[in-house]
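Colleague: My questions will all concern the structure given below.
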Amino acid sequence: MKNLLLVTLLASCLAGCNSDSNDELECSPYPIAIDINNYVVTPEQNEANTALAYDAYTIKLGGIGEGVYSEGNEPDPNKEYAECAIPAVVLGSANTIKAINIYSSADYNSEFTAGTSLNSVFDITEMFVNDFDYYSDGNYASVEDLSAVLPTTAPIFIELKPNQAPEVESSHIFYIDISFANGKTFALETEEVQLF
């Protein structure tokens with residue numbers, strides 16, 4: 001009985017896969033890039049109210065947005081498409097970043113007081129897809145290094161990490177301002193973190 005049920009189920013699946021309606025549907029076009037509408041900030045830290053060593057703290061920025069299609073290959077909103085496997089590809093950004101600035105709500109040290117740019121204090125420990133070489137000769141580039149080559153393709157993902165400890169253990173909210181060449185601006189902030 002189980003074999004008959006399995007054969008019947010298999011036959012109905014095969015019949016559905018070979019039906020004329022599926023043969024007529026085509027796959028939806030795939031985007032070639034992403035138009036970033038915002039960044040999601042994901043700080044990596046321990047439990048709330050627990051001090052964290054500066055070198056254990058990272059800030060991750062993930063770009064979110066809409067797909068950009070090549071001209072003449074846009075999906076038709078009035079057309080029904082087949083459900084097709086999407087290729088596992090990391091899409092680049094269609095945006096150009098022209099400025100980035102990181103600062104804190106509190107003094108980092110006597111040189112970097114609250115509201116002062118911390119671009120030289122934060123290193124880029126991971127980034128894609130971008131033309132900027134953030135790792136060279138065993139060293140990570142700082143956000144200040146990236147700022148020196150702007151404008152360039154906006155990264156879809158960027159991971160930032162402090163390269164030095166604050167002068168004293170202190171509580172910080174980090175603010176990240178990003179500007180695109182097309183006028184889009186993003187004012188991002190992290191959760192409060194106690195660093196030493």
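Residues are referred to by chain and number: the chain letter is A, B, ... according to the order shown in the structure tokens, the number counts from 1 in that chain, and ligands are numbered separately from 1 in the order shown.
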Got a sec: who's within 7 Å of region 61-64 of chain A, counting only C-alpha atoms, leaving out chain neighbours fewer than 6 positions off, as an MDAnalysis selection string?
Modeller: chainID A and resid 36:42 156:159
Colleague: Which residues come within 12 Å of Thr185 (chain A), counting only C-alpha atoms, excluding same-chain residues fewer than 4 positions away, as a ChimeraX atom specification?
Modeller: /A:36-39,95-101,176-181
Colleague: For those residues, write C-alpha atoms to a file as a PDB file, in the first residue's frame.
Modeller:
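Below is the file that was written, again19.pdb:
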ATOM      1  CA  ILE A  36      21.328  50.941  -1.146  1.00  0.00           C
ATOM      2  CA  ASN A  37      18.440  52.619   0.695  1.00  0.00           C
ATOM      3  CA  ASN A  38      19.853  52.211   4.202  1.00  0.00           C
ATOM      4  CA  TYR A  39      22.431  50.430   6.320  1.00  0.00           C
ATOM      5  CA  ASN A  95      25.971  53.705  -5.341  1.00  0.00           C
ATOM      6  CA  THR A  96      29.046  55.866  -4.920  1.00  0.00           C
ATOM      7  CA  ILE A  97      30.125  56.744  -1.385  1.00  0.00           C
ATOM      8  CA  LYS A  98      31.564  60.245  -1.082  1.00  0.00           C
ATOM      9  CA  ALA A  99      31.956  60.633   2.702  1.00  0.00           C
ATOM     10  CA  ILE A 100      32.029  58.595   5.912  1.00  0.00           C
ATOM     11  CA  ASN A 101      32.611  59.840   9.446  1.00  0.00           C
ATOM     12  CA  ILE A 176      28.386  56.839  11.637  1.00  0.00           C
ATOM     13  CA  ASP A 177      27.456  59.366   8.954  1.00  0.00           C
ATOM     14  CA  ILE A 178      27.586  58.153   5.343  1.00  0.00           C
ATOM     15  CA  SER A 179      26.933  60.270   2.237  1.00  0.00           C
ATOM     16  CA  PHE A 180      26.402  59.064  -1.320  1.00  0.00           C
ATOM     17  CA  ALA A 181      27.118  61.039  -4.475  1.00  0.00           C
TER      18      ALA A 181
END
Colleague: Can you pull out the residues contacting Tyr108 (chain A)? Cut-off 6 Å, using only C-alpha atoms, and skip same-chain residues under 3 positions away; I want them as a ChimeraX atom specification.
Modeller: /A:112-113,166
Colleague: Name all residues at most 12 Å from Leu146 (chain A) (count only C-alpha atoms; drop same-chain ones fewer than 6 positions away) and give them as a ChimeraX atom specification.
Modeller: /A:97-101,119-120,122-124,127,130-135,140,152-155,158,160
Colleague: Contacts of Ile86 (chain A) at 12 Å or less, counting only C-alpha atoms, minus same-chain residues fewer than 3 places along, as a list in words?
Modeller: Cys27, Ser28, Pro29, Tyr30, Pro31, Ala82, Glu83, Val89 and Val90 of chain A
Colleague: Under the rule that only C-alpha atoms are counted, which of A:Ser93, A:Ser110, A:Thr116, A:Asn78 is the nearest residue to Gly65 (chain A)?
Modeller: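 Among the listed residues, A:Ser93 lies closest to Gly65 (chain A).
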Colleague: Mind listing the strand (DSSP E or B) residues of region 20-140 of chain A, per DSSP on the backbone, as number ranges by chain?
Modeller: A: 27, 33-44, 52, 58-68, 82, 92-93, 96-104, 122-128, 135-136, 139-140
Colleague: Put those residues in a file: N, CA and C atoms, as a tab-separated table (two decimals), in the first residue's frame.
Modeller:
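Output below, filename out06.tsv:
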chain	number	residue	atom	x	y	z
A	27	CYS	N	12.06	32.39	-15.98
A	27	CYS	CA	12.60	32.93	-14.74
A	27	CYS	C	12.61	34.45	-14.79
A	33	ALA	N	22.99	44.72	-9.49
A	33	ALA	CA	23.55	45.49	-8.38
A	33	ALA	C	22.42	45.82	-7.40
A	34	ILE	N	22.80	46.47	-6.31
A	34	ILE	CA	21.82	46.90	-5.32
A	34	ILE	C	21.91	48.42	-5.15
A	35	ASP	N	20.75	49.06	-5.18
A	35	ASP	CA	20.67	50.49	-4.88
A	35	ASP	C	20.41	50.58	-3.37
A	36	ILE	N	21.43	50.95	-2.61
A	36	ILE	CA	21.33	50.94	-1.15
A	36	ILE	C	20.40	52.06	-0.67
A	37	ASN	N	19.39	51.67	0.11
A	37	ASN	CA	18.44	52.62	0.70
A	37	ASN	C	18.74	52.91	2.16
A	38	ASN	N	19.50	52.02	2.80
A	38	ASN	CA	19.85	52.21	4.20
A	38	ASN	C	20.92	51.19	4.59
A	39	TYR	N	21.51	51.40	5.73
A	39	TYR	CA	22.43	50.43	6.32
A	39	TYR	C	21.85	49.97	7.64
A	40	VAL	N	22.00	48.69	7.94
A	40	VAL	CA	21.61	48.13	9.21
A	40	VAL	C	22.86	48.03	10.06
A	41	VAL	N	22.81	48.56	11.29
A	41	VAL	CA	23.95	48.55	12.20
A	41	VAL	C	23.81	47.38	13.14
A	42	THR	N	24.83	46.53	13.17
A	42	THR	CA	24.82	45.37	14.06
A	42	THR	C	26.10	45.38	14.87
A	43	PRO	N	26.07	45.94	16.08
A	43	PRO	CA	27.27	45.91	16.91
A	43	PRO	C	27.44	44.52	17.52
A	44	GLU	N	28.68	44.12	17.66
A	44	GLU	CA	28.98	42.83	18.30
A	44	GLU	C	29.50	43.15	19.68
A	52	LEU	N	33.64	45.80	27.76
A	52	LEU	CA	34.18	45.00	26.66
A	52	LEU	C	35.53	45.56	26.25
A	58	THR	N	33.16	45.06	17.54
A	58	THR	CA	33.06	45.34	16.11
A	58	THR	C	31.70	45.97	15.82
A	59	ILE	N	31.68	46.77	14.77
A	59	ILE	CA	30.44	47.34	14.27
A	59	ILE	C	30.28	46.83	12.85
A	60	LYS	N	29.16	46.22	12.55
A	60	LYS	CA	28.89	45.72	11.20
A	60	LYS	C	27.79	46.56	10.57
A	61	LEU	N	28.04	47.01	9.35
A	61	LEU	CA	27.06	47.77	8.60
A	61	LEU	C	26.68	46.97	7.36
A	62	GLY	N	25.42	46.64	7.22
A	62	GLY	CA	24.94	45.89	6.07
A	62	GLY	C	23.97	46.73	5.26
A	63	GLY	N	24.28	46.90	3.99
A	63	GLY	CA	23.44	47.68	3.11
A	63	GLY	C	22.19	46.93	2.69
A	64	ILE	N	21.05	47.61	2.69
A	64	ILE	CA	19.80	47.02	2.23
A	64	ILE	C	19.23	47.94	1.16
A	65	GLY	N	18.55	47.37	0.20
A	65	GLY	CA	17.99	48.20	-0.86
A	65	GLY	C	17.29	47.38	-1.93
A	66	GLU	N	17.11	48.02	-3.06
A	66	GLU	CA	16.39	47.43	-4.19
A	66	GLU	C	17.35	46.96	-5.27
A	67	GLY	N	16.96	45.93	-5.99
A	67	GLY	CA	17.76	45.43	-7.10
A	67	GLY	C	17.80	46.42	-8.26
A	68	VAL	N	18.94	46.49	-8.92
A	68	VAL	CA	19.10	47.31	-10.12
A	68	VAL	C	19.30	46.33	-11.27
A	82	ALA	N	8.24	31.95	-13.36
A	82	ALA	CA	8.45	30.65	-12.72
A	82	ALA	C	9.30	30.86	-11.48
A	92	GLY	N	27.13	43.79	-6.10
A	92	GLY	CA	27.78	45.04	-5.75
A	92	GLY	C	26.76	46.14	-5.61
A	93	SER	N	27.26	47.29	-5.21
A	93	SER	CA	26.40	48.45	-5.02
A	93	SER	C	26.34	49.28	-6.29
A	96	THR	N	27.69	55.36	-5.12
A	96	THR	CA	29.05	55.87	-4.92
A	96	THR	C	29.08	56.57	-3.57
A	97	ILE	N	29.98	56.12	-2.70
A	97	ILE	CA	30.12	56.74	-1.39
A	97	ILE	C	31.08	57.93	-1.54
A	98	LYS	N	30.69	59.07	-0.97
A	98	LYS	CA	31.56	60.25	-1.08
A	98	LYS	C	32.08	60.72	0.27
A	99	ALA	N	31.47	60.24	1.38
A	99	ALA	CA	31.96	60.63	2.70
A	99	ALA	C	31.51	59.62	3.75
A	100	ILE	N	32.37	59.42	4.75
A	100	ILE	CA	32.03	58.60	5.91
A	100	ILE	C	32.73	59.22	7.11
A	101	ASN	N	32.03	59.27	8.24
A	101	ASN	CA	32.61	59.84	9.45
A	101	ASN	C	32.06	59.09	10.65
A	102	ILE	N	32.96	58.74	11.58
A	102	ILE	CA	32.58	58.06	12.81
A	102	ILE	C	32.97	58.96	13.97
A	103	TYR	N	32.08	59.09	14.94
A	103	TYR	CA	32.40	59.86	16.13
A	103	TYR	C	31.63	59.25	17.30
A	104	SER	N	31.97	59.69	18.51
A	104	SER	CA	31.40	59.11	19.71
A	104	SER	C	30.66	60.15	20.54
A	122	PHE	N	39.18	53.75	13.91
A	122	PHE	CA	38.48	52.54	13.47
A	122	PHE	C	39.10	51.98	12.20
A	123	ASP	N	39.43	50.68	12.26
A	123	ASP	CA	39.95	49.96	11.09
A	123	ASP	C	38.81	49.24	10.39
A	124	ILE	N	39.00	49.01	9.11
A	124	ILE	CA	38.07	48.22	8.31
A	124	ILE	C	38.59	46.80	8.31
A	125	THR	N	37.90	45.88	8.98
A	125	THR	CA	38.37	44.51	9.09
A	125	THR	C	37.69	43.57	8.09
A	126	GLU	N	36.65	44.06	7.45
A	126	GLU	CA	36.01	43.30	6.37
A	126	GLU	C	35.14	44.27	5.57
A	127	MET	N	35.14	44.05	4.25
A	127	MET	CA	34.32	44.92	3.39
A	127	MET	C	34.14	44.25	2.04
A	128	PHE	N	32.92	44.32	1.50
A	128	PHE	CA	32.68	43.92	0.13
A	128	PHE	C	31.43	44.62	-0.36
A	135	TYR	N	43.03	45.58	3.26
A	135	TYR	CA	44.02	44.77	3.97
A	135	TYR	C	45.26	44.66	3.11
A	136	SER	N	46.39	45.10	3.63
A	136	SER	CA	47.62	45.06	2.86
A	136	SER	C	48.81	44.91	3.81
A	139	ASN	N	48.24	44.55	7.55
A	139	ASN	CA	47.58	45.64	8.29
A	139	ASN	C	46.24	45.98	7.66
A	140	TYR	N	45.31	46.36	8.52
A	140	TYR	CA	44.01	46.82	8.05
A	140	TYR	C	44.06	48.32	7.81
Colleague: Based on the backbone DSSP call, show me all residues of region 111-192 of chain A assigned helix (DSSP H, G or I), as a PyMOL selection string.
Modeller: chain A and resi 143-148
Colleague: Counting only C-alpha atoms, which of A:Asp107, A:Ala165, A:Tyr54, A:Glu26 gets nearest to Pro75 (chain A)?
Modeller: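 For Pro75 (chain A), the nearest of the given residues is A:Glu26.
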Colleague: Return the single residue from A:Leu25, A:Leu195, A:Ile32, A:Ala88 that is closest to Glu167 (chain A), with distances computed using only C-alpha atoms.
Modeller: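 Using only C-alpha atoms, the shortest distance to Glu167 (chain A) belongs to A:Leu195.
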Colleague: Could you tell me how far CA of Ser170 (chain A) lies from CA of Ala141 (chain A), in Å and to one decimal?
Modeller: 24.8 Å
